[in-house]
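Have a look at structure.txt; it's compact mmCIF, C-alpha atoms:
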# COMPACT_ATOMS: atom_id res chain seq x y z
CA MET A 1 6.42 2.44 40.94
CA ARG A 2 4.86 3.70 37.78
CA THR A 3 1.95 5.23 39.66
CA VAL A 4 4.29 7.12 41.94
CA LYS A 5 6.24 8.54 39.02
CA LEU A 6 3.12 9.49 37.18
CA SER A 7 1.75 11.12 40.30
CA ALA A 8 4.93 13.13 40.64
CA ARG A 9 4.56 14.18 37.05
CA SER A 10 0.96 15.06 37.66
CA LEU A 11 1.98 17.15 40.65
CA PHE A 12 4.45 18.93 38.45
CA ALA A 13 1.79 19.50 35.85
CA ALA A 14 -0.61 20.69 38.53
CA ALA A 15 2.04 23.05 39.90
CA LEU A 16 2.57 24.43 36.45
CA LEU A 17 -1.14 24.82 35.98
CA ALA A 18 -1.67 26.45 39.39
CA GLY A 19 1.47 28.46 40.06
CA CYS A 20 3.38 29.12 36.93
CA GLY A 21 0.50 29.14 34.53
CA ALA A 22 -0.67 26.16 32.50
CA PRO A 23 1.90 24.98 29.97
CA PHE A 24 -0.86 24.76 27.42
CA THR A 25 -4.39 25.81 26.71
CA MET A 26 -7.09 23.93 24.96
CA LYS A 27 -10.73 24.78 24.55
CA THR A 28 -13.40 22.30 25.53
CA PRO A 29 -15.96 21.87 22.78
CA PRO A 30 -19.64 22.40 23.70
CA SER A 31 -20.38 18.71 23.13
CA MET A 32 -17.79 17.64 25.71
CA VAL A 33 -17.45 18.17 29.42
CA GLU A 34 -14.13 18.85 31.12
CA LEU A 35 -13.40 16.51 34.00
CA ASP A 36 -12.07 17.95 37.23
CA ALA A 37 -9.40 16.65 39.57
CA GLN A 38 -7.56 14.53 37.06
CA THR A 39 -4.44 12.96 38.51
CA GLU A 40 -2.67 11.45 35.57
CA TYR A 41 -3.81 13.93 32.96
CA ALA A 42 -3.38 17.67 32.92
CA TYR A 43 -6.66 17.88 31.08
CA ARG A 44 -9.41 15.43 30.34
CA ALA A 45 -12.81 15.84 28.77
CA MET A 46 -15.39 13.47 27.40
CA THR A 47 -18.47 13.27 25.24
CA PRO A 48 -21.78 11.93 26.57
CA ASP A 49 -21.24 8.66 24.69
CA GLY A 50 -17.80 7.98 26.15
CA VAL A 51 -15.19 9.42 23.82
CA VAL A 52 -12.39 10.76 25.98
CA LEU A 53 -9.88 13.46 25.16
CA GLY A 54 -6.85 13.85 27.39
CA VAL A 55 -3.64 15.84 27.58
CA ARG A 56 -0.54 14.81 29.43
CA VAL A 57 2.46 16.99 30.05
CA LEU A 58 5.68 15.07 30.61
CA GLU A 59 8.22 17.43 32.00
CA GLY A 60 11.71 17.15 30.64
CA ASP A 61 10.86 14.26 28.35
CA GLY A 62 11.11 16.56 25.39
CA LYS A 63 14.82 15.73 25.27
CA ALA A 64 14.21 13.93 22.01
CA ASP A 65 12.35 15.25 19.01
CA VAL A 66 8.85 14.47 17.81
CA ALA A 67 10.12 11.98 15.23
CA PHE A 68 11.85 9.96 17.92
CA TRP A 69 8.87 9.90 20.23
CA SER A 70 6.45 9.09 17.43
CA GLU A 71 8.47 6.07 16.50
CA ALA A 72 8.82 5.03 20.13
CA VAL A 73 5.08 5.30 20.70
CA ALA A 74 4.23 3.49 17.46
CA LEU A 75 6.59 0.64 18.28
CA HIS A 76 5.40 0.40 21.84
CA MET A 77 1.74 0.32 20.90
CA LYS A 78 2.25 -2.19 18.12
CA GLU A 79 4.83 -4.48 19.63
CA LEU A 80 3.73 -4.54 23.21
CA SER A 81 0.04 -3.77 23.10
CA GLY A 82 -0.98 -5.26 19.78
CA TYR A 83 -2.52 -2.05 18.48
CA ALA A 84 -2.80 -1.64 14.73
CA LEU A 85 -1.19 1.49 13.38
CA LEU A 86 -3.80 2.84 10.99
CA GLY A 87 -2.01 5.98 9.94
CA THR A 88 0.14 8.93 10.81
CA SER A 89 0.03 12.58 9.84
CA GLU A 90 1.77 15.83 10.54
CA VAL A 91 -0.14 18.19 12.82
CA VAL A 92 0.42 21.65 14.17
CA THR A 93 -0.84 23.44 17.27
CA ALA A 94 -2.81 26.67 17.07
CA ASN A 95 0.39 28.55 17.84
CA GLY A 96 2.62 26.78 15.39
CA PHE A 97 4.27 23.87 17.22
CA LYS A 98 4.73 20.99 14.83
CA GLY A 99 3.76 17.53 15.97
CA LYS A 100 2.71 14.12 14.80
CA GLU A 101 -0.57 12.27 15.06
CA LEU A 102 -0.64 8.48 15.29
CA ARG A 103 -3.94 6.70 14.73
CA PHE A 104 -4.38 3.23 16.15
CA GLY A 105 -7.10 0.62 16.07
CA HIS A 106 -7.65 -2.04 18.67
CA ASP A 107 -10.37 -4.53 19.51
CA GLU A 108 -11.53 -4.52 23.09
CA GLY A 109 -13.35 -7.79 23.37
CA LYS A 110 -14.85 -8.01 19.93
CA LYS A 111 -15.58 -4.32 19.63
CA PRO A 112 -13.30 -2.13 17.48
CA TYR A 113 -11.90 0.97 19.16
CA LEU A 114 -9.88 3.86 17.84
CA TYR A 115 -7.13 5.62 19.71
CA THR A 116 -5.16 8.64 18.54
CA VAL A 117 -2.14 10.32 20.04
CA ARG A 118 -0.69 13.65 19.05
CA LEU A 119 2.84 14.38 20.20
CA PHE A 120 4.40 17.79 20.54
CA VAL A 121 7.68 18.93 22.04
CA GLY A 122 7.38 22.30 23.75
CA ARG A 123 9.80 25.16 23.73
CA THR A 124 12.99 25.10 25.76
CA HIS A 125 12.62 26.49 29.29
CA THR A 126 14.66 26.46 32.53
CA PHE A 127 17.87 24.40 32.43
CA GLY A 128 17.28 23.63 28.77
CA ARG A 129 14.36 21.37 29.53
CA LYS A 130 11.60 20.73 27.08
CA ASP A 131 8.26 19.23 27.88
CA LEU A 132 6.56 16.53 25.89
CA PHE A 133 2.84 16.96 25.30
CA LEU A 134 0.60 14.00 24.56
CA VAL A 135 -2.89 14.68 23.33
CA GLU A 136 -4.86 11.45 23.37
CA ALA A 137 -8.36 10.59 22.23
CA GLY A 138 -10.12 7.26 22.34
CA GLY A 139 -13.42 5.50 22.17
CA THR A 140 -15.32 2.93 20.18
CA LYS A 141 -14.82 3.15 16.44
CA ASP A 142 -18.37 4.35 15.79
CA GLU A 143 -18.30 6.97 18.53
CA MET A 144 -14.83 8.18 17.60
CA GLU A 145 -15.91 8.57 14.00
CA ARG A 146 -18.97 10.53 15.09
CA ALA A 147 -16.86 12.67 17.40
CA GLY A 148 -14.16 13.23 14.77
CA PRO A 149 -15.02 16.85 13.93
CA THR A 150 -15.40 17.73 17.62
CA LEU A 151 -12.02 16.22 18.49
CA ASP A 152 -10.34 17.89 15.54
CA TRP A 153 -11.79 21.21 16.63
CA ALA A 154 -10.64 20.79 20.22
CA MET A 155 -7.15 19.62 19.26
CA GLY A 156 -6.93 22.48 16.82
CA THR A 157 -7.30 24.93 19.67
CA LEU A 158 -4.25 23.57 21.52
CA LYS A 159 -1.62 26.15 22.29
CA LEU A 160 1.68 25.37 23.96
CA ARG A 161 3.36 27.98 26.12
CA MET B 1 25.50 -16.05 -21.85
CA GLU B 2 25.41 -15.72 -18.16
CA ALA B 3 22.37 -17.12 -16.40
CA PRO B 4 20.42 -14.34 -14.70
CA SER B 5 20.34 -14.55 -10.96
CA PRO B 6 16.96 -14.69 -9.25
CA PRO B 7 15.74 -11.65 -7.36
CA PRO B 8 15.95 -11.86 -3.59
CA PRO B 9 12.97 -13.11 -1.60
CA PRO B 10 10.65 -10.36 -0.34
CA SER B 11 12.23 -9.97 3.06
CA PRO B 12 11.09 -13.13 4.82
CA GLN B 13 12.46 -13.49 8.30
CA ALA B 14 13.41 -17.10 7.91
CA VAL B 15 13.70 -18.81 4.59
CA GLY B 16 15.60 -21.97 3.87
CA ALA B 17 18.77 -21.88 1.87
CA GLU B 18 17.18 -23.95 -0.88
CA ASP B 19 14.46 -21.40 -1.36
CA ARG B 20 13.61 -20.16 -4.85
CA TRP B 21 11.61 -17.06 -5.64
CA ASP B 22 10.57 -15.63 -8.95
CA GLY B 23 10.06 -12.05 -9.90
CA ALA B 24 6.33 -12.26 -9.34
CA GLY B 25 6.97 -13.02 -5.72
CA ASN B 26 6.02 -16.64 -6.13
CA ALA B 27 7.84 -18.98 -3.90
CA PHE B 28 8.66 -21.34 -6.74
CA THR B 29 9.62 -20.77 -10.28
CA ASP B 30 8.88 -24.21 -11.58
CA ASP B 31 5.49 -25.73 -11.80
CA ALA B 32 6.68 -29.27 -12.06
CA LEU B 33 5.66 -30.08 -8.56
CA SER B 34 2.30 -28.39 -8.76
CA ALA B 35 1.42 -30.55 -11.69
CA GLY B 36 3.82 -33.40 -11.19
CA SER B 37 3.83 -36.57 -9.27
CA ILE B 38 5.75 -38.59 -6.82
CA GLY B 39 5.40 -42.20 -5.83
CA GLY B 40 6.73 -43.99 -8.87
CA LYS B 41 5.09 -45.40 -11.96
CA ASP B 42 3.00 -47.99 -10.16
CA ALA B 43 0.77 -45.52 -8.39
CA PRO B 44 1.98 -41.99 -8.96
CA LEU B 45 0.71 -39.52 -6.44
CA HIS B 46 -0.36 -36.41 -8.22
CA PHE B 47 -0.18 -32.87 -6.99
CA ALA B 48 -3.13 -30.68 -7.58
CA ALA B 49 -2.41 -27.93 -10.06
CA PRO B 50 -3.18 -24.42 -8.87
CA LYS B 51 -6.64 -23.25 -9.80
CA GLY B 52 -6.91 -21.68 -13.19
CA ARG B 53 -3.65 -23.02 -14.50
CA ALA B 54 -3.01 -26.08 -16.56
CA PRO B 55 -0.70 -28.71 -15.09
CA GLY B 56 2.80 -28.12 -16.28
CA SER B 57 2.10 -24.57 -17.36
CA ALA B 58 4.54 -21.87 -16.44
CA ALA B 59 4.12 -19.90 -13.25
CA PRO B 60 3.04 -16.30 -13.79
CA LYS B 61 5.88 -13.84 -13.79
CA ALA B 62 6.08 -10.15 -13.36
CA PRO B 63 7.12 -8.16 -16.43
CA GLY B 64 10.85 -7.92 -16.82
CA THR B 65 11.62 -10.65 -14.37
CA THR B 66 13.71 -13.70 -14.94
CA THR B 67 13.57 -17.29 -13.95
CA PRO B 68 16.45 -19.02 -12.22
CA SER B 69 18.28 -21.39 -14.50
CA THR B 70 17.84 -24.25 -12.05
CA THR B 71 14.18 -24.90 -12.76
CA THR B 72 12.83 -28.41 -12.80
CA PRO B 73 12.06 -29.99 -16.16
CA ASP B 74 8.46 -30.56 -17.15
CA ALA B 75 7.15 -33.11 -14.69
CA SER B 76 4.86 -34.73 -17.23
CA GLN B 77 7.93 -35.91 -19.14
CA HIS B 78 9.66 -37.17 -16.04
CA ALA B 79 6.93 -38.66 -13.96
CA ASP B 80 9.05 -41.68 -13.14
CA ALA B 81 12.14 -39.73 -12.25
CA VAL B 82 13.03 -38.68 -8.77
CA PRO B 83 11.69 -35.14 -8.38
CA HIS B 84 14.17 -32.33 -8.45
CA ARG B 85 15.46 -31.44 -5.01
CA GLU B 86 14.20 -27.86 -5.29
CA SER B 87 10.67 -29.12 -5.65
CA MET B 88 10.65 -30.83 -2.29
CA LEU B 89 10.08 -27.82 -0.11
CA ILE B 90 7.20 -27.36 2.27
CA TYR B 91 6.41 -23.71 2.81
CA THR B 92 4.76 -22.42 5.94
CA ALA B 93 4.20 -18.91 7.15
CA THR B 94 3.07 -17.50 10.45
CA LEU B 95 1.84 -13.95 10.73
CA VAL B 96 0.85 -12.01 13.80
CA LEU B 97 -1.53 -9.17 13.12
CA ALA B 98 -2.50 -6.37 15.45
CA VAL B 99 -5.80 -6.88 17.18
CA TYR B 100 -8.21 -4.70 15.28
CA GLN B 101 -11.47 -5.71 13.62
CA VAL B 102 -10.53 -9.33 14.03
CA ASP B 103 -13.81 -10.85 12.77
CA THR B 104 -13.76 -8.75 9.63
CA SER B 105 -10.11 -9.52 9.00
CA LEU B 106 -10.59 -13.27 9.50
CA THR B 107 -13.39 -13.26 6.96
CA ARG B 108 -11.33 -11.24 4.49
CA ILE B 109 -8.41 -13.66 4.81
CA GLU B 110 -10.73 -16.59 4.23
CA GLU B 111 -12.20 -14.93 1.14
CA LEU B 112 -8.90 -13.94 -0.38
CA THR B 113 -7.55 -17.44 0.22
CA ARG B 114 -10.45 -18.89 -1.76
CA SER B 115 -9.89 -16.33 -4.49
CA LEU B 116 -6.31 -17.57 -4.80
CA GLY B 117 -7.40 -21.18 -5.13
CA GLY B 118 -6.80 -22.10 -1.51
CA TYR B 119 -9.01 -23.28 1.27
CA LEU B 120 -9.71 -22.82 4.96
CA ALA B 121 -8.01 -25.34 7.23
CA SER B 122 -9.25 -24.02 10.56
CA ARG B 123 -10.56 -20.86 12.17
CA THR B 124 -11.07 -19.72 15.73
CA ASP B 125 -12.05 -16.37 17.24
CA SER B 126 -8.51 -15.05 17.00
CA ALA B 127 -6.69 -17.21 14.47
CA ILE B 128 -7.03 -18.71 11.05
CA VAL B 129 -5.09 -21.39 9.20
CA VAL B 130 -5.37 -21.48 5.43
CA ARG B 131 -3.77 -23.52 2.66
CA VAL B 132 -2.89 -21.98 -0.66
CA PRO B 133 -1.33 -23.39 -3.81
CA ARG B 134 2.34 -22.80 -3.39
CA ALA B 135 2.51 -20.73 -6.56
CA ARG B 136 0.18 -18.27 -4.85
CA PHE B 137 1.93 -18.38 -1.50
CA GLN B 138 3.61 -15.02 -1.85
CA ASP B 139 0.44 -13.46 -3.26
CA GLU B 140 -1.39 -14.68 -0.17
CA LEU B 141 1.18 -13.14 2.15
CA GLY B 142 1.04 -9.88 0.26
CA GLU B 143 -2.74 -9.74 0.45
CA ILE B 144 -2.80 -10.60 4.14
CA GLY B 145 -0.39 -7.73 4.68
CA LYS B 146 -3.08 -5.42 3.35
CA VAL B 147 -5.75 -6.80 5.68
CA GLY B 148 -4.16 -5.52 8.85
CA ASP B 149 -1.06 -4.28 10.56
CA VAL B 150 1.41 -7.16 10.45
CA LEU B 151 3.42 -7.20 13.65
CA HIS B 152 5.54 -10.23 12.86
CA ARG B 153 6.00 -12.58 9.97
CA THR B 154 7.91 -15.83 9.81
CA ILE B 155 8.37 -17.87 6.67
CA GLU B 156 9.90 -21.30 6.72
CA ALA B 157 10.88 -23.72 3.99
CA GLN B 158 11.34 -27.32 5.03
CA ASP B 159 13.29 -29.49 2.64
CA VAL B 160 11.80 -32.98 2.57
CA SER B 161 13.80 -34.28 -0.38
CA ASP B 162 15.56 -36.93 1.68
CA GLN B 163 12.36 -38.23 3.20
CA VAL B 164 10.58 -38.35 -0.14
CA VAL B 165 13.45 -40.04 -1.97
CA ASP B 166 13.85 -42.57 0.83
CA LEU B 167 10.14 -43.23 0.94
CA GLU B 168 9.98 -43.67 -2.80
CA ALA B 169 12.84 -46.16 -2.77
CA ARG B 170 11.21 -48.14 0.02
CA LEU B 171 7.90 -48.03 -1.80
CA LYS B 172 9.48 -49.29 -4.98
CA ASN B 173 11.09 -52.19 -3.10
CA ALA B 174 7.87 -52.99 -1.27
CA ARG B 175 5.97 -53.13 -4.53
CA ALA B 176 8.56 -55.47 -6.00
CA VAL B 177 8.26 -57.68 -2.94
CA ARG B 178 4.47 -57.57 -3.26
CA ASP B 179 4.68 -58.69 -6.90
CA ARG B 180 7.00 -61.56 -6.03
CA ILE B 181 4.76 -62.68 -3.18
CA ALA B 182 1.76 -62.53 -5.50
CA GLN B 183 3.60 -64.78 -7.93
CA LEU B 184 4.42 -67.18 -5.13
CA LEU B 185 0.79 -67.20 -4.09
CA GLN B 186 -0.26 -68.16 -7.57
CA GLY B 187 2.11 -71.11 -7.51
CA ALA B 188 1.24 -72.25 -3.98
CA THR B 189 -0.41 -75.67 -3.86
CA ALA B 190 -0.68 -76.42 -0.17
CA THR B 191 -3.36 -74.51 1.76
CA LYS B 192 -0.96 -73.93 4.66
CA ASP B 193 1.58 -72.33 2.31
CA ALA B 194 -1.09 -70.24 0.62
CA LEU B 195 -2.30 -68.92 3.98
CA ALA B 196 1.23 -68.01 5.07
CA ILE B 197 1.91 -66.26 1.75
CA GLU B 198 -1.39 -64.39 1.94
CA LYS B 199 -0.53 -63.21 5.44
CA GLU B 200 2.82 -61.91 4.24
CA LEU B 201 1.18 -60.31 1.20
CA SER B 202 -1.29 -58.56 3.48
CA ARG B 203 1.52 -57.23 5.63
CA VAL B 204 3.45 -55.90 2.64
CA MET B 205 0.27 -54.36 1.19
CA GLY B 206 -0.26 -52.60 4.50
CA GLU B 207 3.25 -51.19 4.38
CA ILE B 208 2.72 -50.02 0.81
CA GLU B 209 -0.50 -48.25 1.77
CA GLN B 210 1.24 -46.55 4.68
CA MET B 211 4.07 -45.33 2.48
CA GLU B 212 1.67 -44.16 -0.21
CA GLY B 213 -0.23 -42.27 2.45
CA LYS B 214 2.91 -40.57 3.67
CA LEU B 215 3.90 -39.63 0.13
CA GLN B 216 0.43 -38.26 -0.48
CA LEU B 217 0.77 -36.21 2.69
CA PHE B 218 4.11 -34.81 1.52
CA ALA B 219 2.60 -34.09 -1.88
CA ASP B 220 -0.24 -32.16 -0.26
CA LYS B 221 2.04 -30.23 2.06
CA ILE B 222 4.34 -29.30 -0.81
CA ALA B 223 1.58 -28.40 -3.25
CA TYR B 224 -0.31 -26.30 -0.72
CA SER B 225 1.53 -23.93 1.58
CA THR B 226 0.16 -23.38 5.06
CA VAL B 227 -0.38 -19.88 6.35
CA THR B 228 -1.31 -19.27 9.97
CA VAL B 229 -2.53 -15.85 10.97
CA THR B 230 -3.10 -14.96 14.59
CA PHE B 231 -4.46 -11.79 16.08
CA GLN B 232 -3.02 -11.22 19.48
CA PRO B 233 -0.97 -8.74 21.39
CA ILE B 234 2.45 -9.99 22.24
CA ARG B 235 2.90 -10.49 25.93
CA THR B 236 5.60 -8.46 27.55
CA SER B 237 7.36 -11.60 28.67
CA ASP B 238 7.69 -12.69 25.04
CA VAL B 239 9.75 -9.70 24.07
CA HIS B 240 12.34 -9.82 26.81
CA ALA B 241 15.09 -9.68 24.21
CA MET B 242 13.97 -6.27 23.04
CA ALA B 243 15.41 -3.33 24.93
CA ARG B 244 12.65 -1.03 26.06
CA LEU B 245 12.78 2.68 26.57
CA PRO B 246 12.84 3.50 30.31
CA PHE B 247 9.95 5.94 30.18
CA PRO B 248 7.04 4.77 32.33
CA TRP B 249 4.56 6.97 30.52
CA LEU B 250 4.86 4.72 27.50
CA GLU B 251 3.31 1.97 29.59
CA ALA B 252 0.45 4.26 30.47
CA LEU B 253 -0.52 4.86 26.86
CA GLY B 254 -3.60 3.27 25.37
CA LEU B 255 -7.31 3.05 25.71
CA GLY B 256 -7.32 1.55 29.18
CA PRO B 257 -5.86 4.48 31.11
CA LEU B 258 -7.50 7.07 28.89
CA LEU B 259 -11.03 5.70 29.15
CA GLN B 260 -10.78 4.95 32.86
CA VAL B 261 -12.28 8.25 33.93
CA LYS B 262 -12.74 9.26 37.54
Can you present the structure in this file as structure tokens?
Amino acid sequence: MRTVKLSARSLFAAALLAGCGAPFTMKTPPSMVELDAQTEYAYRAMTPDGVVLGVRVLEGDGKADVAFWSEAVALHMKELSGYALLGTSEVVTANGFKGKELRFGHDEGKKPYLYTVRLFVGRTHTFGRKDLFLVEAGGTKDEMERAGPTLDWAMGTLKLR
Amino acid sequence: MEAPSPPPPPSPQAVGAEDRWDGAGNAFTDDALSAGSIGGKDAPLHFAAPKGRAPGSAAPKAPGTTTPSTTTPDASQHADAVPHRESMLIYTATLVLAVYQVDTSLTRIEELTRSLGGYLASRTDSAIVVRVPRARFQDELGEIGKVGDVLHRTIEAQDVSDQVVDLEARLKNARAVRDRIAQLLQGATATKDALAIEKELSRVMGEIEQMEGKLQLFADKIAYSTVTVTFQPIRTSDVHAMARLPFPWLEALGLGPLLQVK
């Protein structure tokens, strides 16, 4: 059921990207490669050593504000997935949309991984709908730390339309 | 002058009604138990005093804090008396930490436990059980909270006053019986009688040893609080009571979907 819904969302995102213009832009850093034909992400890129950056656009889910969604995501990740919340910070897109970054840690096997999510609520469009943008990055702790500046640069280029 | 009321416990999820907390966050305000004894005058069973503190010395307190007026008198002066009811609490805590850098965190918990005068009871790949002097119980919980992201914490206080008092009374009686049997044995002239008395004496001695063992176990459990820390994600089925937001994308968050590139 979840896959179907996500696919529908992906179709919506794809339609936006193809027909109406992408709801966001983000530059791919030279040390990452953008992946084509992504179904569940509107954008995905990765480094050679496996750090992945992804953007999801959830149409209409911007009905609540960033504070609400940040808390929902933090609770979900902690309570249901056992992720450790390492920190949060205020972030802003290149064109001024305010958002929140949540940084999580999680062991996969015995290896520590880091996972970050940035949440933004887009501007109001047709029928008063707002989209929710999730910018995710993840990888092993060492690789994420190495890729930190690259990820920050890429996320810093995000613009919502 | 009105007796100052103790500050509230530091938000434990489950603490017994008989609980006592001091301003320093220590679970107990009196040290009588830490340095005191139970078991009666014949063979008092001593509690180990917390490391670095003399038996009977006052528990450390935060500046400006007060001690509840219901503290137990100095145990050294009342070794034969029945311990104060407040002293007979066994403290246990269970913490669930988020799964991140588990090995490092387990080692840190073990080290901080030793630094607080405690010891390691058991350790596996994803869990650790430590024992700490009860006066450092709250310190231990506070320090563990800094090691990782605490998802859940449960603190329990089990009152064993009734069991201890009952056991002590039975022990006292058993010792009296033992002494009388020993006197009878001394006066026994017939071998048959002596053998029968010795058999009974042996049985009573066995009972005394069992009761002393139980009291020693209580003493240990009271003097050292048990803290269990586990690192594990909570299964969805375990949180059925929690209403969940009906947004499927929340389920799709995390490293798994993100790193599963196609």
Check every residue of chain B for an atom within 9 Å of chain A, counting all atoms listed in the file, and provide those that qualify as a PDB file with C-alpha atoms, in the frame of the given file.
ATOM      1  CA  LEU B  97      -1.530  -9.170  13.120  1.00  0.00           C
ATOM      2  CA  ALA B  98      -2.500  -6.370  15.450  1.00  0.00           C
ATOM      3  CA  VAL B  99      -5.800  -6.880  17.180  1.00  0.00           C
ATOM      4  CA  TYR B 100      -8.210  -4.700  15.280  1.00  0.00           C
ATOM      5  CA  GLN B 101     -11.470  -5.710  13.620  1.00  0.00           C
ATOM      6  CA  VAL B 102     -10.530  -9.330  14.030  1.00  0.00           C
ATOM      7  CA  ASP B 103     -13.810 -10.850  12.770  1.00  0.00           C
ATOM      8  CA  GLY B 148      -4.160  -5.520   8.850  1.00  0.00           C
ATOM      9  CA  ASP B 149      -1.060  -4.280  10.560  1.00  0.00           C
ATOM     10  CA  VAL B 150       1.410  -7.160  10.450  1.00  0.00           C
ATOM     11  CA  LEU B 151       3.420  -7.200  13.650  1.00  0.00           C
ATOM     12  CA  HIS B 152       5.540 -10.230  12.860  1.00  0.00           C
ATOM     13  CA  PHE B 231      -4.460 -11.790  16.080  1.00  0.00           C
ATOM     14  CA  GLN B 232      -3.020 -11.220  19.480  1.00  0.00           C
ATOM     15  CA  PRO B 233      -0.970  -8.740  21.390  1.00  0.00           C
ATOM     16  CA  ILE B 234       2.450  -9.990  22.240  1.00  0.00           C
ATOM     17  CA  ARG B 235       2.900 -10.490  25.930  1.00  0.00           C
ATOM     18  CA  THR B 236       5.600  -8.460  27.550  1.00  0.00           C
ATOM     19  CA  VAL B 239       9.750  -9.700  24.070  1.00  0.00           C
ATOM     20  CA  ARG B 244      12.650  -1.030  26.060  1.00  0.00           C
ATOM     21  CA  LEU B 245      12.780   2.680  26.570  1.00  0.00           C
ATOM     22  CA  PHE B 247       9.950   5.940  30.180  1.00  0.00           C
ATOM     23  CA  PRO B 248       7.040   4.770  32.330  1.00  0.00           C
ATOM     24  CA  TRP B 249       4.560   6.970  30.520  1.00  0.00           C
ATOM     25  CA  LEU B 250       4.860   4.720  27.500  1.00  0.00           C
ATOM     26  CA  GLU B 251       3.310   1.970  29.590  1.00  0.00           C
ATOM     27  CA  ALA B 252       0.450   4.260  30.470  1.00  0.00           C
ATOM     28  CA  LEU B 253      -0.520   4.860  26.860  1.00  0.00           C
ATOM     29  CA  GLY B 254      -3.600   3.270  25.370  1.00  0.00           C
ATOM     30  CA  LEU B 255      -7.310   3.050  25.710  1.00  0.00           C
ATOM     31  CA  PRO B 257      -5.860   4.480  31.110  1.00  0.00           C
ATOM     32  CA  LEU B 258      -7.500   7.070  28.890  1.00  0.00           C
ATOM     33  CA  LEU B 259     -11.030   5.700  29.150  1.00  0.00           C
ATOM     34  CA  VAL B 261     -12.280   8.250  33.930  1.00  0.00           C
ATOM     35  CA  LYS B 262     -12.740   9.260  37.540  1.00  0.00           C
TER      36      LYS B 262
END
Inset, instruction - Quote the spacing between atom CA of A:Glu90 and atom CA of B:Gly256 in Å to one decimal place. - result: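 Atom-to-atom, atom CA of A:Glu90 and atom CA of B:Gly256 are spaced 25.2 Å apart.
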Inset, instruction - Quote the spacing between atom CA of B:Ser105 and atom CA of B:Tyr91 in Å to one decimal place. - result: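 Calculated distance between atom CA of B:Ser105 and atom CA of B:Tyr91 is 22.6 Å.
Atom CA of B:Lys214 lies 15.3 Å from atom CA of B:Arg175.
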Inset, instruction - Find the residue from B:Ala196, B:Val160, B:Val132, B:Ile109 that sits nearest to B:Leu184; use all atoms listed in the file when measuring. - result: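 The answer is B:Ala196, which sits nearest to B:Leu184.
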Inset, instruction - Please provide as a ChimeraX atom specification all residues within 12 Å of stretch 23-34 of chain A, with the sequence filter that same-chain residues fewer than 6 positions apart are discarded (counting only C-alpha atoms). - result: /A:12-17,41-59,93-95,97,120-125,130-135,146-161 /B:261-262
Exercise on stretch 135-145 of chain B, axis-aligned box with 3 Å per side, report centre and edge lengths in Å to one decimal, as AutoDock Vina command-line options:
--center_x 0.4 --center_y -14.2 --center_z -0.9 --size_x 12.4 --size_y 19.0 --size_z 17.2
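Shortest separation to A:Phe127 among A:Gly60, A:Phe68, A:Arg103, A:Ala22 occurs at residue A:Gly60, atoms counted being only C-alpha atoms.
With all atoms listed in the file as the atoms that count, the residue of A:Gly87, A:Arg118, A:Arg129, A:Leu102 with the shortest distance to A:Ala64 is A:Arg129.
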Legend entry - Nearest candidate to B:Arg123 (options B:Ile155, B:Ala169, B:Leu185, B:Leu106; using all atoms listed in the file):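 Distance minimum relative to B:Arg123 lands on B:Leu106.
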Might you pull out every residue within 6 Å of A:Gly99, with only C-alpha atoms counted and same-chain residues fewer than 2 positions away left off, and present them as a PDB file with C-alpha atoms, in the coordinates of the input?
ATOM      1  CA  VAL A  91      -0.140  18.190  12.820  1.00  0.00           C
ATOM      2  CA  VAL A  92       0.420  21.650  14.170  1.00  0.00           C
ATOM      3  CA  LEU A 119       2.840  14.380  20.200  1.00  0.00           C
ATOM      4  CA  PHE A 120       4.400  17.790  20.540  1.00  0.00           C
TER       5      PHE A 120
END
Inset, instruction - Select, from B:Val227, B:Asn173, B:Glu200, B:Leu215, the residue with the minimum atom-to-atom distance to B:Pro133, counting only C-alpha atoms. - result: B:Val227
